[in-house]
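Structure file target07.cif with mmCIF, C-alpha atoms and all ligand atoms:
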data_input
loop_
_atom_site.label_atom_id
_atom_site.label_comp_id
_atom_site.auth_asym_id
_atom_site.auth_seq_id
_atom_site.Cartn_x
_atom_site.Cartn_y
_atom_site.Cartn_z
CA MET A 656 -54.43 -48.45 -51.71
CA SER A 657 -55.92 -51.10 -53.92
CA SER A 658 -57.93 -53.80 -52.24
CA THR A 659 -57.01 -56.38 -54.84
CA THR A 660 -53.36 -56.49 -53.82
CA GLN A 661 -52.43 -59.97 -52.65
CA THR A 662 -49.97 -60.19 -49.81
CA PRO A 663 -48.77 -63.79 -49.44
CA GLU A 664 -46.93 -63.18 -46.21
CA GLY A 665 -50.05 -61.57 -44.89
CA ALA A 666 -49.90 -58.27 -43.09
CA GLU A 667 -51.80 -59.51 -40.08
CA GLY A 668 -55.13 -57.91 -39.46
CA GLY A 669 -54.91 -54.76 -41.55
CA CYS A 670 -57.06 -55.17 -44.61
CA ASP A 671 -56.27 -51.79 -46.16
CA VAL A 672 -52.72 -51.44 -44.96
CA PRO A 673 -50.53 -50.98 -48.01
CA PRO A 674 -48.29 -54.04 -48.38
CA ASN A 675 -45.12 -52.00 -48.67
CA LYS A 676 -44.77 -48.42 -47.54
CA SER A 677 -41.98 -47.64 -49.96
CA GLU A 678 -44.30 -48.50 -52.81
CA THR A 679 -46.61 -45.58 -52.05
CA PRO A 680 -44.77 -42.36 -52.82
CA GLU A 681 -46.08 -38.95 -51.87
CA ASN A 682 -49.47 -38.64 -53.48
CA GLU A 683 -52.92 -37.29 -52.77
CA ASP A 684 -53.28 -39.65 -49.82
CA SER A 685 -50.45 -38.09 -47.89
CA THR A 686 -51.49 -34.50 -48.56
CA PHE A 687 -54.72 -35.35 -46.80
CA TYR A 688 -52.91 -35.19 -43.47
CA GLU A 689 -50.87 -32.11 -44.21
CA CYS A 690 -51.02 -29.10 -41.95
CA ASN A 691 -52.87 -26.28 -43.70
CA ILE A 692 -50.17 -23.82 -42.64
CA CYS A 693 -46.75 -25.41 -43.11
CA LEU A 694 -47.97 -27.88 -45.77
CA ASP A 695 -46.00 -30.61 -44.02
CA THR A 696 -47.45 -33.70 -42.36
CA ALA A 697 -49.13 -32.32 -39.25
CA LYS A 698 -47.03 -32.64 -36.10
CA ASP A 699 -48.77 -32.49 -32.70
CA ALA A 700 -51.89 -32.39 -34.82
CA VAL A 701 -55.03 -30.60 -33.79
CA VAL A 702 -58.30 -30.29 -35.65
CA SER A 703 -60.63 -27.30 -35.43
CA MET A 704 -64.37 -27.50 -34.90
CA CYS A 705 -64.72 -26.70 -38.60
CA GLY A 706 -62.66 -29.80 -39.39
CA HIS A 707 -59.39 -28.28 -40.51
CA LEU A 708 -56.10 -29.88 -39.58
CA PHE A 709 -53.02 -28.06 -38.31
CA CYS A 710 -49.82 -28.64 -36.39
CA TRP A 711 -50.47 -27.21 -32.97
CA PRO A 712 -47.32 -25.02 -33.13
CA CYS A 713 -48.42 -23.63 -36.50
CA LEU A 714 -51.96 -22.85 -35.37
CA HIS A 715 -50.71 -21.41 -32.09
CA GLN A 716 -48.41 -19.03 -33.93
CA TRP A 717 -51.27 -17.91 -36.17
CA LEU A 718 -53.54 -17.26 -33.17
CA GLU A 719 -50.74 -15.22 -31.60
CA THR A 720 -50.27 -13.26 -34.81
CA ARG A 721 -53.83 -11.90 -34.65
CA PRO A 722 -54.95 -12.33 -31.05
CA ASN A 723 -58.05 -10.19 -31.50
CA ARG A 724 -59.20 -11.81 -34.74
CA LYS A 725 -58.99 -15.57 -34.36
CA LEU A 726 -60.17 -17.16 -37.60
CA CYS A 727 -59.60 -20.53 -39.16
CA PRO A 728 -56.96 -19.98 -41.88
CA VAL A 729 -58.89 -22.20 -44.27
CA CYS A 730 -62.56 -21.31 -43.87
CA LYS A 731 -62.51 -18.16 -41.64
CA ALA A 732 -64.73 -19.78 -39.03
CA GLY A 733 -64.12 -18.65 -35.47
CA ILE A 734 -61.36 -20.72 -33.89
CA ASP A 735 -59.81 -20.81 -30.45
CA LYS A 736 -57.39 -22.72 -28.30
CA ASP A 737 -60.22 -24.19 -26.24
CA LYS A 738 -62.09 -25.33 -29.31
CA VAL A 739 -59.51 -27.45 -31.06
CA ILE A 740 -59.15 -31.17 -30.55
CA PRO A 741 -55.77 -32.87 -30.41
CA ILE A 742 -55.38 -35.96 -32.53
CA TYR A 743 -53.46 -38.92 -31.19
CA GLY A 744 -52.55 -41.42 -33.86
CA ARG A 745 -51.56 -44.94 -32.96
CA GLY A 746 -47.97 -44.43 -33.93
CA SER A 747 -47.60 -41.09 -32.23
CA THR A 748 -45.16 -40.56 -29.39
CA ASP A 749 -47.76 -40.94 -26.68
CA LYS A 750 -45.25 -41.29 -23.86
CA THR A 751 -44.62 -37.58 -23.64
CA ASP A 752 -47.42 -35.36 -22.48
CA PRO A 753 -48.04 -32.99 -25.40
CA ARG A 754 -48.91 -30.26 -22.94
CA GLU A 755 -45.32 -30.23 -21.74
CA LYS A 756 -44.22 -29.12 -25.16
CA LEU A 757 -43.98 -25.49 -26.03
CA PRO A 758 -46.35 -24.09 -27.01
CA PRO A 759 -48.57 -26.47 -25.06
CA ARG A 760 -51.14 -28.28 -27.12
CA PRO A 761 -54.63 -27.95 -25.62
CA PRO A 762 -55.80 -31.10 -23.88
CA GLY A 763 -58.48 -33.39 -25.25
CA GLN A 764 -62.05 -32.37 -24.43
CA ARG A 765 -62.73 -35.49 -22.40
CA ALA A 766 -59.78 -35.02 -20.09
CA GLU A 767 -60.98 -31.60 -19.08
CA PRO A 768 -63.80 -31.09 -16.55
CA GLU A 769 -66.46 -28.49 -17.17
CA ASN A 770 -65.13 -25.84 -14.80
CA ASN A 771 -61.68 -25.76 -16.37
CA GLY A 772 -59.81 -25.94 -13.04
CA GLY A 773 -56.66 -26.84 -14.87
CA ALA A 774 -53.12 -25.65 -14.92
CA PHE A 775 -53.77 -22.00 -15.68
CA PRO A 776 -56.62 -20.66 -13.56
CA GLY A 777 -57.66 -17.21 -14.60
CA PHE A 778 -56.00 -17.41 -17.96
CA GLY A 779 -58.94 -19.02 -19.69
CA LEU A 780 -61.12 -15.95 -20.00
CA GLY A 781 -60.55 -13.09 -22.39
CA ASP A 782 -57.48 -14.60 -23.93
CA GLY A 783 -57.39 -12.09 -26.75
CA GLY A 784 -57.61 -8.93 -24.71
CA PHE A 785 -55.12 -10.16 -22.19
CA GLN A 786 -52.49 -11.01 -24.74
CA MET A 787 -52.97 -7.72 -26.50
CA SER A 788 -52.45 -5.57 -23.47
CA PHE A 789 -49.61 -7.71 -22.28
CA GLY A 790 -47.79 -7.35 -25.58
CA ILE A 791 -47.97 -3.56 -25.32
CA GLY A 792 -47.29 -3.44 -21.61
CA ALA A 793 -44.25 -5.64 -21.59
CA PHE A 794 -41.83 -3.07 -22.94
CA PRO A 795 -42.32 -0.26 -20.43
CA PHE A 796 -42.25 -2.80 -17.60
CA GLY A 797 -38.92 -3.93 -18.88
CA ILE A 798 -37.69 -0.36 -18.62
CA PHE A 799 -39.09 -0.08 -15.11
CA ALA A 800 -37.23 -3.19 -14.10
CA SER A 801 -33.96 -1.87 -15.43
CA ALA A 802 -34.56 1.46 -13.72
CA PHE A 803 -35.14 -0.13 -10.34
CA ASN A 804 -32.34 -2.61 -10.65
CA PHE A 805 -29.88 0.02 -11.71
CA ASN A 806 -27.97 -0.03 -8.45
CA ASP A 807 -28.21 -3.76 -7.83
CA GLY A 808 -26.44 -4.70 -10.99
CA ARG A 809 -23.21 -2.96 -9.99
CA PRO A 810 -20.50 -5.00 -8.33
CA ALA A 811 -19.52 -2.23 -5.92
CA PRO A 812 -22.42 0.08 -5.10
CA ALA A 813 -21.29 3.56 -4.19
CA ALA A 814 -21.65 4.62 -0.58
CA PRO A 815 -24.70 6.76 0.21
CA GLY A 816 -23.95 10.43 0.08
CA SER A 817 -20.96 10.13 -2.22
CA PRO A 818 -21.19 12.01 -5.51
CA HIS A 819 -21.20 8.69 -7.33
CA HIS A 820 -24.26 7.56 -5.44
CA THR A 821 -26.24 10.71 -6.09
CA GLU A 822 -25.33 10.49 -9.72
CA GLU A 823 -26.68 6.97 -9.90
CA GLN A 824 -29.80 8.01 -8.10
CA PHE A 825 -30.23 10.82 -10.54
CA LEU A 826 -29.76 8.46 -13.46
CA SER A 827 -32.29 5.97 -12.17
CA LYS A 828 -34.75 8.81 -11.69
CA VAL A 829 -34.20 9.87 -15.24
CA PHE A 830 -34.85 6.32 -16.40
CA LEU A 831 -37.97 6.20 -14.31
CA TRP A 832 -39.25 9.40 -15.86
CA VAL A 833 -38.47 8.16 -19.33
CA ALA A 834 -40.45 5.03 -18.59
CA VAL A 835 -43.36 7.03 -17.21
CA LEU A 836 -43.36 9.33 -20.20
CA PHE A 837 -43.18 6.36 -22.51
CA MET A 838 -46.19 4.74 -20.88
CA PHE A 839 -48.08 8.00 -21.02
CA TRP A 840 -47.26 8.29 -24.69
CA LEU A 841 -48.50 4.74 -25.22
CA LEU A 842 -51.76 5.59 -23.53
CA ILE A 843 -52.49 8.64 -25.60
CA ALA A 844 -51.12 7.28 -28.89
CA MET B 389 -36.19 -18.59 -41.02
CA ALA B 390 -36.19 -22.25 -41.84
CA SER B 391 -39.94 -22.79 -41.70
CA MET B 392 -40.50 -20.01 -44.22
CA GLU B 393 -37.99 -21.51 -46.64
CA LYS B 394 -39.37 -24.99 -46.21
CA ARG B 395 -42.84 -23.83 -47.02
CA LEU B 396 -41.74 -21.78 -50.04
CA GLN B 397 -39.78 -24.78 -51.30
CA LYS B 398 -42.95 -26.87 -51.08
CA GLU B 399 -44.99 -24.24 -52.87
CA LEU B 400 -42.42 -24.00 -55.63
CA THR B 401 -42.33 -27.75 -56.11
CA ALA B 402 -46.12 -27.89 -56.32
CA LEU B 403 -46.25 -24.97 -58.77
CA MET B 404 -43.65 -26.56 -61.00
CA LYS B 405 -45.36 -29.93 -60.93
CA ASP B 406 -48.87 -28.72 -61.55
CA PRO B 407 -48.98 -25.06 -62.65
CA PRO B 408 -52.43 -23.51 -63.07
CA THR B 409 -53.14 -22.22 -66.57
CA GLY B 410 -51.68 -18.80 -67.20
CA VAL B 411 -49.29 -18.90 -64.21
CA LYS B 412 -45.56 -19.48 -64.76
CA VAL B 413 -42.61 -19.28 -62.39
CA ASP B 414 -38.94 -19.20 -63.28
CA ALA B 415 -37.56 -21.80 -60.88
CA GLU B 416 -33.93 -21.02 -61.76
CA SER B 417 -34.09 -17.48 -60.48
CA ILE B 418 -36.18 -18.42 -57.47
CA TYR B 419 -33.73 -21.08 -56.33
CA LYS B 420 -31.09 -18.37 -56.15
CA ASN B 421 -33.22 -16.25 -53.84
CA LEU B 422 -36.21 -17.97 -52.35
CA SER B 423 -37.54 -14.79 -50.74
CA GLU B 424 -38.28 -13.00 -54.04
CA TRP B 425 -40.33 -14.52 -56.80
CA ILE B 426 -41.24 -13.21 -60.20
CA VAL B 427 -44.41 -14.85 -61.49
CA ASP B 428 -45.57 -14.51 -65.09
CA LEU B 429 -49.31 -14.21 -65.53
CA ASP B 430 -51.33 -14.38 -68.72
CA GLY B 431 -54.51 -12.35 -68.92
CA ALA B 432 -57.36 -14.86 -69.07
CA PRO B 433 -58.86 -15.45 -72.52
CA GLY B 434 -62.24 -13.85 -73.06
CA THR B 435 -61.51 -10.99 -70.64
CA LEU B 436 -60.33 -7.40 -71.12
CA TYR B 437 -56.78 -8.60 -70.44
CA ALA B 438 -56.73 -11.49 -72.90
CA GLY B 439 -53.34 -11.81 -74.55
CA GLU B 440 -51.57 -9.50 -72.10
CA SER B 441 -48.51 -10.81 -70.34
CA LEU B 442 -48.13 -9.52 -66.81
CA GLN B 443 -45.54 -9.92 -64.13
CA LEU B 444 -46.03 -10.11 -60.39
CA LEU B 445 -43.29 -9.62 -57.83
CA PHE B 446 -43.63 -11.49 -54.53
CA LYS B 447 -41.42 -10.62 -51.57
CA PHE B 448 -41.55 -12.90 -48.55
CA GLY B 449 -40.53 -11.90 -45.05
CA SER B 450 -39.19 -14.33 -42.47
CA ARG B 451 -42.63 -14.55 -40.87
CA TYR B 452 -44.28 -15.93 -44.01
CA PRO B 453 -46.82 -17.59 -44.10
CA PHE B 454 -48.05 -15.90 -40.92
CA ASP B 455 -47.44 -12.52 -42.52
CA SER B 456 -48.65 -11.88 -46.03
CA PRO B 457 -46.10 -11.46 -48.81
CA GLN B 458 -45.60 -8.13 -50.56
CA VAL B 459 -47.22 -8.49 -53.95
CA MET B 460 -47.18 -5.99 -56.81
CA PHE B 461 -47.16 -5.81 -60.57
CA VAL B 462 -43.77 -5.10 -62.12
CA GLY B 463 -42.35 -4.95 -65.62
CA PRO B 464 -43.40 -3.07 -68.73
CA ASN B 465 -47.10 -3.92 -68.54
CA ILE B 466 -48.93 -2.79 -65.42
CA PRO B 467 -52.55 -3.75 -66.11
CA VAL B 468 -55.01 -0.87 -66.25
CA HIS B 469 -57.58 -1.78 -63.63
CA PRO B 470 -59.60 0.15 -60.99
CA HIS B 471 -57.66 -1.63 -58.21
CA VAL B 472 -54.19 -1.50 -59.73
CA TYR B 473 -52.17 1.69 -59.34
CA SER B 474 -49.80 2.67 -62.09
CA ASN B 475 -46.82 1.89 -59.83
CA GLY B 476 -47.97 -1.73 -59.64
CA HIS B 477 -49.57 -1.63 -56.20
CA ILE B 478 -52.71 -3.72 -55.90
CA CYS B 479 -55.68 -2.98 -53.67
CA LEU B 480 -56.76 -6.49 -52.71
CA SER B 481 -57.85 -7.38 -49.19
CA ILE B 482 -56.25 -10.84 -49.07
CA LEU B 483 -52.87 -9.15 -49.41
CA THR B 484 -53.24 -7.41 -46.06
CA GLU B 485 -56.06 -7.74 -43.56
CA ASP B 486 -57.74 -10.80 -45.05
CA TRP B 487 -54.48 -12.72 -45.46
CA SER B 488 -54.46 -16.26 -44.12
CA PRO B 489 -51.51 -18.64 -43.80
CA ALA B 490 -53.54 -21.21 -45.71
CA LEU B 491 -53.23 -18.98 -48.78
CA SER B 492 -50.28 -19.45 -51.11
CA VAL B 493 -48.53 -17.95 -54.11
CA GLN B 494 -50.86 -19.95 -56.29
CA ALA B 495 -53.97 -18.78 -54.43
CA VAL B 496 -52.83 -15.14 -54.65
CA CYS B 497 -52.14 -15.46 -58.37
CA LEU B 498 -55.53 -16.99 -59.01
CA SER B 499 -57.23 -14.26 -56.97
CA ILE B 500 -55.48 -11.58 -58.98
CA VAL B 501 -56.34 -13.25 -62.29
CA SER B 502 -59.94 -13.44 -61.16
CA MET B 503 -59.89 -9.81 -60.03
CA LEU B 504 -58.70 -8.83 -63.51
CA SER B 505 -61.16 -11.12 -65.23
CA SER B 506 -64.21 -9.63 -63.58
CA CYS B 507 -63.26 -6.11 -64.67
CA THR B 508 -65.66 -4.41 -67.06
CA GLU B 509 -63.85 -1.16 -67.78
CA LYS B 510 -60.12 -0.57 -68.00
CA LYS B 511 -59.34 2.44 -65.88
CA ARG B 512 -56.95 3.44 -63.09
CA PRO B 513 -58.14 3.99 -59.53
CA PRO B 514 -59.60 7.50 -59.11
CA ASP B 515 -56.85 8.51 -56.65
CA ASN B 516 -54.01 7.10 -58.73
CA ALA B 517 -52.10 10.34 -59.29
CA PHE B 518 -52.18 11.27 -55.62
CA TYR B 519 -51.43 7.76 -54.37
CA ILE B 520 -48.34 7.09 -56.44
CA LYS B 521 -46.84 10.39 -55.28
CA THR B 522 -47.43 9.76 -51.59
CA CYS B 523 -47.29 6.02 -51.07
CA SER B 524 -44.53 3.91 -49.54
CA LYS B 525 -42.51 1.60 -51.76
CA ASN B 526 -43.97 -1.29 -49.81
CA PRO B 527 -47.66 -1.76 -50.68
CA LYS B 528 -48.20 -3.47 -47.33
CA LYS B 529 -47.57 -0.12 -45.64
CA THR B 530 -50.61 1.39 -47.31
CA ARG B 531 -53.75 1.59 -45.21
CA TRP B 532 -56.01 0.22 -47.89
CA TRP B 533 -59.64 1.10 -47.86
CA TYR B 534 -61.51 -1.79 -49.40
CA HIS B 535 -64.51 0.21 -50.48
CA ASP B 536 -65.90 -1.69 -53.41
CA ASP B 537 -65.53 -5.41 -53.72
CA ASN B 538 -67.61 -5.84 -56.81
CA VAL B 539 -65.13 -4.75 -59.46
ZN ZN A 901 -47.83 -27.11 -39.58
ZN ZN A 902 -61.94 -24.13 -40.89
#
When written as structure tokens, how does the structure in this file appear?
Ligand SMILES: [Zn+2]
Ligand SMILES: [Zn+2]
Amino acid sequence: MSSTTQTPEGAEGGCDVPPNKSETPENEDSTFYECNICLDTAKDAVVSMCGHLFCWPCLHQWLETRPNRKLCPVCKAGIDKDKVIPIYGRGSTDKTDPREKLPPRPPGQRAEPENNGGAFPGFGLGDGGFQMSFGIGAFPFGIFASAFNFNDGRPAPAAPGSPHHTEEQFLSKVFLWVAVLFMFWLLIA
Amino acid sequence: MASMEKRLQKELTALMKDPPTGVKVDAESIYKNLSEWIVDLDGAPGTLYAGESLQLLFKFGSRYPFDSPQVMFVGPNIPVHPHVYSNGHICLSILTEDWSPALSVQAVCLSIVSMLSSCTEKKRPPDNAFYIKTCSKNPKKTRWWYHDDNV
């Protein structure tokens, strides 16, 4: 971006707007706004308190990868969902609420009141521990669900008392016990 | 996964355009299979490994760069170093627990060159014989114990 460039037609207002975008190929200037994770121009950009730029989806995935050790990928400073600031450029698609996207980008600091009475009450505290235990717990609960729904899923449930029915009951009990044993194993492992 | 390939493509382009001294990649072979790279390293001049040519194998999983790549020495010359086992496995914390998605092939290579360069005595790790008999083929499966960082 040289300041001596003369633009006869005059790009109105902008004094350091390059006269022609196609004349500036990918160079050091564009890497400045690259996400530190995907190395692409940051999409749904957020910046950490330590000043490092990421796509929100990239950073979110990294925080999910190590929920109990949330560090900035660049400088290893502590980093968290509540402590990153979204960046809204002028040309960004500001009509869509970024929070509606998945994973939701954290809102700007100013938009959020002190007592965080936002969309997810109760989810703000102890993010790390919660996600950890949920990740482990989800599987046995899935088994529980299938054990309890065993009869419901059938198009024609067998009449009570028939051998078919008792067999199904037996099977669902077996599933239940497997689930219980599995959870027990998880607890002691 | 697409994001992993896109990122590796970018790393490859950058490495080809501006390779650090002593680090060479064979783009031909990498283009055929983006998830496995062979990188040629030269031992840095003025160190115990000066003049040695070394080869690193990188294997990338679909969760790269969120998961670290598998990195080990391969080829005829496995450097003799207190953190390098004779099967090529490397005990280096950034390859497992200190991995960060902001690291790259280039950053790993430079870390390994620097690890070699700071070495003062060429010797194998004390548990080499036991380790190579019992370890997994995948160095990431080893529970590394990063006991001394000053070698
Ligand atoms: Zn990104
Ligand atoms: Zn940082």
If you count all atoms listed in the file, which residues end up within 10 Å of ligand ZN 902 (chain A), as a PyMOL selection string?
chain A and resi 691+702-708+726-734
Report task. Return as a count of residues only the residues of protein, DNA or RNA that approach ligand ZN 901 (chain A) to within 12 Å, with all atoms listed in the file taken into account. Result -> 35
Inset, instruction - At a cut-off of 12 Å, list the chain B residues touching chain A, using only C-alpha atoms, as JSON, numbers by chain. - result: {"B": [390, 391, 392, 393, 394, 395, 396, 397, 398, 399, 400, 401, 402, 451, 452, 453, 454, 455, 456, 482, 485, 486, 487, 488, 489, 490, 491, 492, 495]}
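Across the model, the gap from atom CA of B:Val493 to atom CA of B:Ser474 is 22.1 Å.
Atom to atom, atom CA of B:Trp425 and atom CA of A:Arg724 stand 29.2 Å apart.
Between atom CA of B:Gln458 and atom CA of B:Pro433 the separation is 26.7 Å.
Of the residues under consideration (B:Ser506, B:Lys405, B:Gly439, B:Phe446), B:Phe446 shows the shortest atom-to-atom contact distance to B:Ile418 when counting only C-alpha atoms.
Residue nearest B:Pro467, chosen from B:Lys510, B:Ser502, B:Val496, B:Leu483 and counting only C-alpha atoms: B:Lys510.
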Up to 9 Å from (-56.0, -1.3, -55.8) in the file's coordinates: name the residues, counting all atoms listed in the file, as a VMD selection string.
chain B and resid 469 to 473 476 to 480 512 to 513 532 534
In terms of only C-alpha atoms, the residue from B:Ala432, B:Val501, B:Met460, B:Val427 at minimal distance from B:Asn475 is B:Met460
Margin query: Can you pull out the residues contacting B:Val459? Cut-off 7 Å, using only C-alpha atoms, and skip same-chain residues under 3 positions away; I want them as a PyMOL selection string.
Written below: chain B and resi 444-447
Take the residues from that selection and put them in a file with C-alpha atoms, as a PDB file, in the coordinates of the input.
ATOM      1  CA  LEU B 444     -46.030 -10.110 -60.390  1.00  0.00           C
ATOM      2  CA  LEU B 445     -43.290  -9.620 -57.830  1.00  0.00           C
ATOM      3  CA  PHE B 446     -43.630 -11.490 -54.530  1.00  0.00           C
ATOM      4  CA  LYS B 447     -41.420 -10.620 -51.570  1.00  0.00           C
TER       5      LYS B 447
END
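Nearest to B:Gln494 of all the residues B:Ser524, B:Thr409, B:Ser441, B:Thr530 is B:Thr409, counting only C-alpha atoms.
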